[in-house]
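Here is the structure we will look at, set down as structure tokens.
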Amino acid sequence: MNRQSLVALAALFVAFTAQAAEPPVTTAKPVPPAPIAAPAAPQKAATPQKTAGLSQQDKMRECNKQATGRKGDERKAFMKTCLSKKKA
């Protein structure tokens, strides 16, 4: 290769490396943050009679709240009766 082609090749290489070092220009607009939802109203603890119209997961949650402080066979028996209540 002659001297001119080596200089042209070196200049081309320098131009590409300088361009690669620059951060890319983006034209996308920033996305605004999502609105914050209002907090849900607090729920009261349901009595065993009120668990009749709830889903199984909700019944489990409510019965579990009511079973606090109970242990062993007493807790098992309470959970069994609480969860077996018929839906209205």
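Identifiers for the structure tokens are assigned positionally: chains receive A, B, ... in sequence, residues are indexed from 1 per chain, and ligands are indexed from 1 in the order shown.
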
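By only C-alpha atoms, and with residues fewer than 2 positions from Lys80 in chain A along its chain excluded, the set lying at most 12 Å from it is Pro48, Lys59, Met60, Cys63, Asn64, Ala67, Asp73, Glu74, Arg75, Lys76, Ala77, Phe78, Cys82, Leu83, Ser84 and Lys85 of chain A.
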
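For the pair CA of Met79 in chain A and CA of Ser55 in chain A, the interatomic distance is 15.3 Å.
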
| Distance in Å - CA of Ile36 in chain A versus CA of Asp58 in chain A | 25.4 Å

| Length of the CA of Ala15 in chain A to CA of Asn2 in chain A vector [Å] |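 Taking CA of Ala15 in chain A as the start and CA of Asn2 in chain A as the end point, the length is 20.4 Å.
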